[in-house]
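Dropping input16.pdb in here (PDB, C-alpha atoms and all ligand atoms):
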ATOM      1  CA  MET A 612     -16.987  31.456  58.890
ATOM      2  CA  SER A 613     -13.870  29.315  58.797
ATOM      3  CA  THR A 614     -10.845  29.870  56.620
ATOM      4  CA  LEU A 615     -11.917  26.947  54.450
ATOM      5  CA  ASP A 616     -15.055  28.833  53.373
ATOM      6  CA  LEU A 617     -12.794  31.160  51.410
ATOM      7  CA  PHE A 618     -12.133  28.240  49.095
ATOM      8  CA  GLN A 619     -15.814  27.521  48.440
ATOM      9  CA  VAL A 620     -15.819  29.347  45.104
ATOM     10  CA  PRO A 621     -18.327  29.263  42.236
ATOM     11  CA  GLY A 622     -17.632  26.499  39.742
ATOM     12  CA  GLN A 623     -15.873  24.352  42.324
ATOM     13  CA  ARG A 624     -16.844  20.754  42.993
ATOM     14  CA  LEU A 625     -16.376  20.229  46.707
ATOM     15  CA  PRO A 626     -16.190  16.545  47.704
ATOM     16  CA  LEU A 627     -18.089  15.396  50.819
ATOM     17  CA  GLY A 628     -17.483  11.734  50.082
ATOM     18  CA  ALA A 629     -16.432   9.445  47.240
ATOM     19  CA  GLN A 630     -19.797   9.991  45.544
ATOM     20  CA  ALA A 631     -21.079  13.126  47.269
ATOM     21  CA  PHE A 632     -20.304  16.668  46.118
ATOM     22  CA  ILE A 633     -21.304  20.274  46.469
ATOM     23  CA  LEU A 634     -21.363  21.998  43.106
ATOM     24  CA  CYS A 635     -20.717  25.569  44.220
ATOM     25  CA  GLY A 636     -22.952  28.118  42.532
ATOM     26  CA  PHE A 637     -24.167  25.581  39.960
ATOM     27  CA  ALA A 638     -27.788  26.811  40.085
ATOM     28  CA  MET A 639     -26.973  30.517  39.644
ATOM     29  CA  PRO A 640     -27.733  30.650  35.904
ATOM     30  CA  TYR A 641     -31.144  29.111  36.638
ATOM     31  CA  GLN A 642     -32.172  31.279  39.588
ATOM     32  CA  ASP A 643     -34.722  33.594  37.925
ATOM     33  CA  GLU A 644     -36.489  30.734  36.185
ATOM     34  CA  LEU A 645     -36.413  28.630  39.360
ATOM     35  CA  LEU A 646     -37.985  31.373  41.462
ATOM     36  CA  ALA A 647     -40.707  32.078  38.899
ATOM     37  CA  ALA A 648     -41.569  28.376  38.695
ATOM     38  CA  LEU A 649     -41.558  28.164  42.484
ATOM     39  CA  SER A 650     -44.184  30.950  42.796
ATOM     40  CA  ALA A 651     -46.495  29.020  40.492
ATOM     41  CA  ILE A 652     -46.051  25.825  42.533
ATOM     42  CA  GLU A 653     -46.713  27.665  45.823
ATOM     43  CA  ALA A 654     -49.948  29.116  44.431
ATOM     44  CA  GLN A 655     -51.237  25.602  43.712
ATOM     45  CA  SER A 656     -49.716  23.653  46.619
ATOM     46  CA  PRO A 657     -48.726  26.060  49.406
ATOM     47  CA  PHE A 658     -45.993  25.413  51.956
ATOM     48  CA  ARG A 659     -47.296  23.764  55.111
ATOM     49  CA  LYS A 660     -45.734  22.442  58.314
ATOM     50  CA  MET A 661     -46.378  18.721  58.326
ATOM     51  CA  GLN A 662     -47.004  16.666  61.431
ATOM     52  CA  THR A 663     -44.772  13.815  62.446
ATOM     53  CA  ARG A 664     -46.061  10.409  63.506
ATOM     54  CA  GLY A 665     -45.391  11.500  67.079
ATOM     55  CA  GLY A 666     -47.733  14.500  66.744
ATOM     56  CA  TYR A 667     -45.052  17.192  66.513
ATOM     57  CA  ARG A 668     -45.074  19.825  63.819
ATOM     58  CA  MET A 669     -41.896  20.158  61.773
ATOM     59  CA  SER A 670     -40.199  23.571  61.859
ATOM     60  CA  VAL A 671     -39.519  23.354  58.116
ATOM     61  CA  ALA A 672     -42.560  24.008  55.884
ATOM     62  CA  MET A 673     -42.850  21.752  52.824
ATOM     63  CA  THR A 674     -44.508  21.328  49.477
ATOM     64  CA  ASN A 675     -43.743  19.160  46.434
ATOM     65  CA  CYS A 676     -43.894  18.979  42.682
ATOM     66  CA  GLY A 677     -43.629  16.017  40.330
ATOM     67  CA  GLU A 678     -45.466  12.710  40.068
ATOM     68  CA  VAL A 679     -45.244  12.021  43.783
ATOM     69  CA  GLY A 680     -44.633  14.118  46.873
ATOM     70  CA  TRP A 681     -43.268  13.392  50.341
ATOM     71  CA  VAL A 682     -45.909  13.723  53.042
ATOM     72  CA  SER A 683     -45.961  13.177  56.786
ATOM     73  CA  ASP A 684     -48.863  12.980  59.240
ATOM     74  CA  LEU A 685     -49.934  11.015  62.314
ATOM     75  CA  GLN A 686     -49.827   7.838  60.215
ATOM     76  CA  GLY A 687     -46.127   8.414  59.491
ATOM     77  CA  TYR A 688     -44.375   9.500  56.311
ATOM     78  CA  ARG A 689     -44.646   8.230  52.746
ATOM     79  CA  TYR A 690     -44.817   9.354  49.141
ATOM     80  CA  SER A 691     -48.235  10.260  47.733
ATOM     81  CA  SER A 692     -49.400  11.327  44.275
ATOM     82  CA  ILE A 693     -52.081  13.540  45.858
ATOM     83  CA  ASP A 694     -51.482  16.722  47.829
ATOM     84  CA  PRO A 695     -53.571  16.190  50.992
ATOM     85  CA  HIS A 696     -53.987  19.966  51.305
ATOM     86  CA  SER A 697     -55.517  20.566  47.856
ATOM     87  CA  GLY A 698     -56.876  17.056  47.291
ATOM     88  CA  ALA A 699     -55.409  17.257  43.770
ATOM     89  CA  PRO A 700     -52.190  15.895  42.220
ATOM     90  CA  TRP A 701     -49.003  17.831  43.006
ATOM     91  CA  PRO A 702     -47.996  20.506  40.478
ATOM     92  CA  ALA A 703     -46.039  19.065  37.548
ATOM     93  CA  MET A 704     -42.258  19.290  37.700
ATOM     94  CA  PRO A 705     -41.291  22.469  35.795
ATOM     95  CA  GLY A 706     -38.891  21.963  32.873
ATOM     96  CA  VAL A 707     -36.244  24.147  34.481
ATOM     97  CA  PHE A 708     -36.307  21.970  37.628
ATOM     98  CA  SER A 709     -35.678  18.709  35.771
ATOM     99  CA  ARG A 710     -33.084  20.298  33.483
ATOM    100  CA  LEU A 711     -31.091  21.618  36.430
ATOM    101  CA  ALA A 712     -31.346  18.330  38.347
ATOM    102  CA  GLU A 713     -30.233  16.228  35.405
ATOM    103  CA  THR A 714     -27.335  18.549  34.501
ATOM    104  CA  ALA A 715     -26.119  18.699  38.111
ATOM    105  CA  ALA A 716     -26.333  14.914  38.520
ATOM    106  CA  ALA A 717     -24.284  14.452  35.339
ATOM    107  CA  ALA A 718     -21.670  16.932  36.600
ATOM    108  CA  ALA A 719     -21.307  14.777  39.709
ATOM    109  CA  GLY A 720     -20.917  11.553  37.745
ATOM    110  CA  PHE A 721     -24.514  10.296  37.668
ATOM    111  CA  ALA A 722     -25.632  10.063  34.048
ATOM    112  CA  ALA A 723     -29.288  10.138  32.955
ATOM    113  CA  PHE A 724     -30.870  11.065  36.309
ATOM    114  CA  GLN A 725     -34.608  11.442  35.816
ATOM    115  CA  PRO A 726     -36.274  12.668  39.008
ATOM    116  CA  ASP A 727     -39.982  11.993  39.461
ATOM    117  CA  ALA A 728     -40.295  13.936  42.725
ATOM    118  CA  CYS A 729     -39.088  17.236  44.109
ATOM    119  CA  LEU A 730     -39.544  17.963  47.807
ATOM    120  CA  ILE A 731     -39.420  21.693  48.463
ATOM    121  CA  ASN A 732     -38.408  22.833  51.955
ATOM    122  CA  ARG A 733     -38.835  26.348  53.308
ATOM    123  CA  TYR A 734     -36.721  27.404  56.295
ATOM    124  CA  LEU A 735     -37.352  30.571  58.304
ATOM    125  CA  PRO A 736     -34.929  31.717  61.033
ATOM    126  CA  GLY A 737     -34.851  28.944  63.652
ATOM    127  CA  SER A 738     -36.082  26.186  61.298
ATOM    128  CA  ARG A 739     -33.972  23.062  61.408
ATOM    129  CA  LEU A 740     -33.901  19.523  60.088
ATOM    130  CA  SER A 741     -32.672  16.843  62.437
ATOM    131  CA  LEU A 742     -30.267  14.114  61.319
ATOM    132  CA  HIS A 743     -31.951  11.639  58.979
ATOM    133  CA  GLN A 744     -31.378   9.262  56.095
ATOM    134  CA  ASP A 745     -33.281   9.550  52.807
ATOM    135  CA  LYS A 746     -34.391   5.950  52.517
ATOM    136  CA  ASP A 747     -38.056   5.993  51.466
ATOM    137  CA  GLU A 748     -37.250   5.776  47.774
ATOM    138  CA  ARG A 749     -37.440   2.487  45.912
ATOM    139  CA  ASP A 750     -34.230   2.752  43.970
ATOM    140  CA  PHE A 751     -31.041   3.735  45.806
ATOM    141  CA  SER A 752     -28.987   3.589  42.589
ATOM    142  CA  ALA A 753     -30.324   7.048  41.680
ATOM    143  CA  PRO A 754     -28.622   9.970  43.432
ATOM    144  CA  ILE A 755     -30.292  12.831  45.279
ATOM    145  CA  VAL A 756     -29.862  16.352  43.967
ATOM    146  CA  SER A 757     -30.413  19.193  46.415
ATOM    147  CA  VAL A 758     -30.542  22.882  45.451
ATOM    148  CA  SER A 759     -30.062  25.681  48.007
ATOM    149  CA  LEU A 760     -31.612  29.126  47.517
ATOM    150  CA  GLY A 761     -31.748  32.128  49.834
ATOM    151  CA  MET A 762     -30.132  32.324  53.262
ATOM    152  CA  THR A 763     -26.982  30.336  53.973
ATOM    153  CA  ALA A 764     -27.446  27.149  55.982
ATOM    154  CA  THR A 765     -25.078  24.935  57.921
ATOM    155  CA  PHE A 766     -25.405  21.414  56.600
ATOM    156  CA  LEU A 767     -24.414  18.404  58.693
ATOM    157  CA  PHE A 768     -23.060  15.420  56.862
ATOM    158  CA  GLY A 769     -22.472  12.245  58.817
ATOM    159  CA  GLY A 770     -21.903   8.557  58.249
ATOM    160  CA  HIS A 771     -24.069   5.477  57.969
ATOM    161  CA  ARG A 772     -24.882   5.415  61.674
ATOM    162  CA  ARG A 773     -26.551   8.285  63.521
ATOM    163  CA  GLU A 774     -23.802   8.279  66.179
ATOM    164  CA  GLU A 775     -20.969   8.911  63.730
ATOM    165  CA  ARG A 776     -19.379  12.341  63.776
ATOM    166  CA  THR A 777     -20.712  14.863  61.278
ATOM    167  CA  ALA A 778     -18.872  17.266  59.008
ATOM    168  CA  ARG A 779     -20.250  20.810  58.806
ATOM    169  CA  VAL A 780     -20.440  22.666  55.551
ATOM    170  CA  GLN A 781     -22.093  25.925  54.511
ATOM    171  CA  LEU A 782     -24.690  25.773  51.742
ATOM    172  CA  TYR A 783     -24.955  29.097  49.917
ATOM    173  CA  HIS A 784     -27.562  30.464  47.526
ATOM    174  CA  GLY A 785     -27.049  28.648  44.221
ATOM    175  CA  ASP A 786     -25.173  25.641  45.607
ATOM    176  CA  VAL A 787     -26.220  22.175  44.479
ATOM    177  CA  ALA A 788     -25.421  19.097  46.559
ATOM    178  CA  VAL A 789     -25.446  15.750  44.773
ATOM    179  CA  TRP A 790     -24.971  12.419  46.403
ATOM    180  CA  GLY A 791     -25.484   8.824  45.557
ATOM    181  CA  GLY A 792     -23.727   5.487  45.249
ATOM    182  CA  GLU A 793     -21.898   4.535  48.412
ATOM    183  CA  ASP A 794     -22.863   7.861  50.056
ATOM    184  CA  ARG A 795     -26.587   7.658  49.223
ATOM    185  CA  LEU A 796     -27.677   6.611  52.720
ATOM    186  CA  ARG A 797     -25.488   8.837  54.862
ATOM    187  CA  TYR A 798     -27.089  10.716  57.749
ATOM    188  CA  HIS A 799     -27.483  14.465  57.226
ATOM    189  CA  GLY A 800     -29.336  17.448  58.643
ATOM    190  CA  VAL A 801     -29.514  21.234  58.808
ATOM    191  CA  LEU A 802     -28.721  23.392  61.881
ATOM    192  CA  PRO A 803     -31.266  26.036  62.971
ATOM    193  CA  LEU A 804     -31.303  28.749  60.302
ATOM    194  CA  LYS A 805     -29.755  32.060  61.361
ATOM    195  CA  GLY A 806     -27.785  34.948  59.960
ATOM    196  CA  MET A 807     -28.233  37.532  57.256
ATOM    197  CA  ALA A 808     -31.323  37.936  55.103
ATOM    198  CA  HIS A 809     -30.783  37.118  51.437
ATOM    199  CA  PRO A 810     -31.055  40.044  48.947
ATOM    200  CA  LEU A 811     -33.590  38.205  46.748
ATOM    201  CA  LEU A 812     -35.386  35.888  49.168
ATOM    202  CA  GLY A 813     -35.225  37.807  52.432
ATOM    203  CA  GLU A 814     -35.257  35.808  55.674
ATOM    204  CA  ARG A 815     -35.907  32.485  53.979
ATOM    205  CA  ARG A 816     -34.037  29.497  52.704
ATOM    206  CA  ILE A 817     -35.576  27.292  50.038
ATOM    207  CA  ASN A 818     -34.228  23.818  49.362
ATOM    208  CA  LEU A 819     -35.268  21.741  46.355
ATOM    209  CA  THR A 820     -34.545  18.036  46.807
ATOM    210  CA  PHE A 821     -34.901  15.898  43.693
ATOM    211  CA  ARG A 822     -35.347  12.148  43.912
ATOM    212  CA  LYS A 823     -36.192   9.125  41.854
ATOM    213  CA  VAL A 824     -38.897   7.544  44.009
ATOM    214  CA  ARG A 825     -40.525   4.950  41.746
TER     215      ARG A 825
HETATM  216  C1  LIG B   1     -31.799  20.780  53.119
HETATM  217  N1  LIG B   1     -31.654  18.507  52.570
HETATM  218  O1  LIG B   1     -30.721  20.985  52.600
HETATM  219  C2  LIG B   1     -32.270  19.410  53.434
HETATM  220  N2  LIG B   1     -31.308  15.129  51.680
HETATM  221  O2  LIG B   1     -32.569  21.686  53.432
HETATM  222  C3  LIG B   1     -31.751  17.199  52.686
HETATM  223  O3  LIG B   1     -32.365  16.636  53.560
HETATM  224  C4  LIG B   1     -31.042  16.403  51.721
HETATM  225  O4  LIG B   1     -29.796  18.278  50.918
HETATM  226  C5  LIG B   1     -30.649  14.336  50.821
HETATM  227  C6  LIG B   1     -29.730  14.835  49.964
HETATM  228  C7  LIG B   1     -29.433  16.157  49.975
HETATM  229  C8  LIG B   1     -30.088  16.985  50.875
HETATM  230 FE    FE B   2     -32.485  14.519  53.339
END

Turn this file's structure into structure tokens for me.
Ligand code: MD6
Ligand code: FE
Amino acid sequence: MSTLDLFQVPGQRLPLGAQAFILCGFAMPYQDELLAALSAIEAQSPFRKMQTRGGYRMSVAMTNCGEVGWVSDLQGYRYSSIDPHSGAPWPAMPGVFSRLAETAAAAAGFAAFQPDACLINRYLPGSRLSLHQDKDERDFSAPIVSVSLGMTATFLFGGHRREERTARVQLYHGDVAVWGGEDRLRYHGVLPLKGMAHPLLGERRINLTFRKVR
């Protein structure tokens, strides 16, 4: 922990860029409802480790809710309205998910955000997400809203080229990251998960990433 972490206090809006922020603790009032809704989603579309085009399995397990979900397999990655695991549509986006996403987007300066997809990532100790851009969505004018639950993660936030140096920031249970506009296509990733178990979620981190895909 660095000294700066002491200033990451609930209610604070921490800037990562001109149009990228961490809303510290923003999801706390929603946590019980979020976790209940998440259990229902998991029962219908369980977490699974997807394959990459190269044949590797990702260390983060994923599921989705909403009209479309992000999927990856040997053919590459794309959005699909069908869960390949269940053969059925993804679970509908729960009301509490869309309410939180829209309220958080507005608090970061993006009015009337209406996500049609929520990618749900589950990290266990050691799970990581390598540097990437979120660029498979049709409309880059909509921001991305990302909710962190459970164990603390170290988030890497870079520039528009993979080689650019990255800032490191801790994402705590209840934090919501929002970015869009000129920061929408910045490289980002998550370091291998480690550290203390979370009192509610145990040795897990759940990340909800809301997007406007279509
Ligand atoms: C994560 N998040 O926090 C992974 N992408 O587990 C992302 O990849 C991400 O947090 C775009 C915008 C915000 C994010
Ligand atoms: Fe991402």

Subject >> Selection dump of the PyMOL selection byres (((not hetatm)) within 6 of (chain B and resi 1)), as a list of chain:residue names >> reply: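 Taken over the shown coordinates, the PyMOL selection byres (((not hetatm)) within 6 of (chain B and resi 1)) returns A:Asp745, A:Ile755, A:Ser757, A:Gly800, A:Asn818.
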
For this structure, which residues satisfy the selection - the PyMOL selection byres (((not hetatm)) within 8 of (chain B and resi 2)) - when it is evaluated on the file as given? I want them as an mmCIF file with C-alpha atoms, in the coordinates of the input.
data_model
loop_
_atom_site.group_PDB
_atom_site.id
_atom_site.type_symbol
_atom_site.label_atom_id
_atom_site.label_comp_id
_atom_site.auth_asym_id
_atom_site.auth_seq_id
_atom_site.Cartn_x
_atom_site.Cartn_y
_atom_site.Cartn_z
ATOM 1 C CA HIS A 743 -31.951 11.639 58.979
ATOM 2 C CA GLN A 744 -31.378 9.262 56.095
ATOM 3 C CA ASP A 745 -33.281 9.550 52.807
ATOM 4 C CA TYR A 798 -27.089 10.716 57.749
ATOM 5 C CA HIS A 799 -27.483 14.465 57.226
ATOM 6 C CA GLY A 800 -29.336 17.448 58.643
ATOM 7 C CA THR A 820 -34.545 18.036 46.807
#

Original post:
Between A:Thr663, A:Phe658, A:Arg772, A:Ala728, which has the minimum distance to Gly680 in chain A (counting all atoms listed in the file)?
Top reply: A:Ala728

Subject >> Residues matched by the PyMOL selection byres (((chain A and resi 795) around 9) and not hetatm) as an NGL selection string >> reply: :A and (630-631 or 744-746 or 751-755 or 790-794 or 796-797)

Around range 726-740 of chain A, with edges along x, y and z and 6 Å added on all six sides, what centre and edge lengths do you get, in Å to one decimal, as JSON?
{"center_x": -37.1, "center_y": 21.9, "center_z": 51.3, "size_x": 18.4, "size_y": 31.7, "size_z": 36.6}

**OP:** In Å, rounded to a single decimal, give me how far CA of Ala629 in chain A is from CA of Gly720 in chain A.
**Re:**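 CA of Gly720 in chain A sits 10.7 Å away from CA of Ala629 in chain A.
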
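Using only C-alpha atoms, the shortest contact distance between Ala651 in chain A and any of A:Asn675, A:Ser670, A:Thr765, A:Ser741 is found at A:Asn675.
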
**OP:** Write out as a list in words each polymer residue whose atoms come within 10 Å of Pro810 in chain A, counting only C-alpha atoms; drop sequence neighbours fewer than 4 positions from it.
**Re:** Gly761, Met762 and Glu814 of chain A

**OP:** Name the closest residue to Leu645 in chain A among the candidates A:Pro695, A:Pro705, A:Pro700, A:Gly769; distances are taken between atoms, counting all atoms listed in the file.
**Re:** A:Pro705

Original post:
With distances taken over all atoms listed in the file, which of A:Val707, A:Ile693, A:Ala699, A:Cys635 is nearest to Ala648 in chain A?
Top reply: A:Val707

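Omitting Ser691 in chain A and its sequence neighbours fewer than 2 positions away, and counting only C-alpha atoms, the residues within 12 Å are Thr674, Asn675, Cys676, Gly677, Glu678, Val679, Gly680, Trp681, Val682, Ser683, Asp684, Tyr688, Arg689, Ile693, Asp694, Pro695, His696, Gly698, Ala699, Pro700, Trp701, Asp727, Ala728, Leu730, Asp747, Glu748, Val824 and Arg825 of chain A.
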